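**Q** If you scroll down you'll find the structure; I have some questions about it.
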Amino acid sequence: KALVRAHQAKGFTAAYAPKISLEDTDQVRATRRAFEAADIVIAEVGYWQNLMDTDAETRKTHRQAMVEALALAEELGARCAVDIFGSYCHGKGDSQHAAKNFSPPAFDEAVAMARTFIDTVKPKTAFFAYEIFPFNVVDSPAMIAKLIRAVDRKQFGVHLDLVNLINCPRAYWTSGDIMRECVKLFGDRIVSAHAKDIRMKEPAISVILEEVLPGQGNLDIAANLRELHKLPHNVPYMMEHLKSEAEYDRAAAYIRGVARQEGIEI
């Protein structure tokens with residue numbers, strides 16, 4: 001209840017799932033009731049581990065935990081459970097990279113995992129989604145659309161992180177077009193979104209892209225909000241990776257200001 005009150009004090013209508021064990025059924029039920037009573041959507045249960053770990057036991061552990069995360073999302077009434085696909089390495093799948101991440105076997109593995117998670121849990125409302133990431137198979141609108149068709153499961157959703165689709169200068173200057181392409185290709189599958197910004201380092205000869213506080217970069221946040229707002233369903237728009245409560249307050253104020261200019265209530 002304290003967490004709910006904190007969200008209400010900030011005017012937030014969506015939240016990340018708190019850390020709860022799936023086995024603590026009383027706490028799970030109480031948490032769901034408290035958020036639903038306050039009309040606050042639980043956007044996502046995040047499990048940020050390497051599903052492709054090259055150590056067999058570690059990989060098995062992470063995949064079982066992902067099943068439990070999806071089951072928890074279903075019990076909490078959360079929109080989705082989300083993880084990165086990972087990387088063909090042992091350990092951190094978000095900072096160690098491999099050529100095989102872009103191979104046909106990687107795509108097939110992404111399809112098989114998604115089907116297994118969904119078919120094991122059989123969620124009725126929660127979706128399983130991969131975090132969009134520039135270092136593996138979930139790296140472009142076209143690949144995401146291809147995955148949706150291949151997985152062929154109603155509860156396979158899209159967790160839309162537009163910043164993570166910005167992986168070159170051309171994309172940097174056309175983020176609004178990329179957002180519109182996403183909505184055109186799979187708008188009905190978007191279940192949650194991350195609210196971030198990105199800046200390309202200058203002067204620089206090589207491409208260096210840095211995540212920054214919303215409003216300090218070049219992402220077309222107005223287009224992001226407009227396209228999400230067009231969808232027939234509400235999509236949580238979740239800030240992340242900021243360093244302090246003050247930064248989150250500044251980011252929220254900026255995003256709300258953009259939304260007001262666009263005539264959008266968030």
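Chain labels run A, B, ... following the order of the structure tokens; each chain numbers its residues from 1, and ligands are numbered from 1 in the order shown.
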Please identify which residues in stretch 35-205 of chain A DSSP calls strand (DSSP E or B) from the backbone, and express them as a ChimeraX atom specification.
**A** /A:41-46,80-83,127-131,156,158-160,190-195,197-200
**Q** Give me the stretch 129-190 of chain A side of the contact with stretch 68-81 of chain A, cut-off 10 Å, one line per residue showing its nearest atom pair and distance in Å at one decimal, counting only C-alpha atoms, sorted by chain and residue number, as a tab-separated table.
**A**
residue	atom	partner	partner_atom	distance
A:Ala129	CA	A:Ala81	CA	6.3
A:Tyr130	CA	A:Ala81	CA	8.5
A:Glu131	CA	A:Ala81	CA	9.8
A:Gln155	CA	A:Cys80	CA	9.0
A:Phe156	CA	A:Cys80	CA	9.1
A:Gly157	CA	A:Cys80	CA	7.6
A:Val158	CA	A:Cys80	CA	9.0
A:His159	CA	A:Cys80	CA	8.1
A:Ile190	CA	A:Arg79	CA	9.9
**Q** Any chance you could tabulate, as a Markdown table, the residues of stretch 171-230 of chain A at most 12 Å from stretch 243-259 of chain A with each one's nearest atom pair and distance in Å to one decimal, using only C-alpha atoms, in chain and rising number order?
**A**
| residue | atom | partner | partner_atom | distance |
| --- | --- | --- | --- | --- |
| A:His194 | CA | A:Ile255 | CA | 11.9 |
| A:Ala195 | CA | A:Ile255 | CA | 8.4 |
| A:Lys196 | CA | A:Ala251 | CA | 8.7 |
| A:Asp197 | CA | A:Ala251 | CA | 9.8 |
| A:Val212 | CA | A:Ala251 | CA | 10.0 |
| A:Leu213 | CA | A:Ala251 | CA | 6.3 |
| A:Pro214 | CA | A:Ala251 | CA | 5.4 |
| A:Gly215 | CA | A:Tyr254 | CA | 6.5 |
| A:Gln216 | CA | A:Ala251 | CA | 9.6 |
| A:Gly217 | CA | A:Ala251 | CA | 11.8 |
| A:Leu219 | CA | A:Ile255 | CA | 11.8 |
| A:Asp220 | CA | A:Val258 | CA | 10.2 |
| A:Ile221 | CA | A:Val258 | CA | 7.5 |
| A:Ala222 | CA | A:Val258 | CA | 6.1 |
| A:Ala223 | CA | A:Val258 | CA | 9.9 |
| A:Asn224 | CA | A:Ala259 | CA | 10.0 |
| A:Leu225 | CA | A:Ala259 | CA | 6.9 |
| A:Arg226 | CA | A:Ala259 | CA | 8.3 |
| A:Glu227 | CA | A:Ala259 | CA | 11.7 |
| A:Leu228 | CA | A:Ala259 | CA | 11.2 |
| A:His229 | CA | A:Ala259 | CA | 9.8 |
**Q** How would you write, as a ChimeraX atom specification, the set of residues in stretch 187-231 of chain A that DSSP gives as alpha helix (DSSP H)?
**A** /A:221-230
**Q** Would you compute the distance between atom CA of A:Val111 and atom CA of A:Val151? Give it in Å to one decimal.
**A**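 Separation between atom CA of A:Val111 and atom CA of A:Val151: 5.1 Å.
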**Q** Atom CA of A:Phe85 and atom CA of A:Arg63 are how many Å apart?
**A**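 Straight-line distance from atom CA of A:Phe85 to atom CA of A:Arg63 works out to 10.6 Å.
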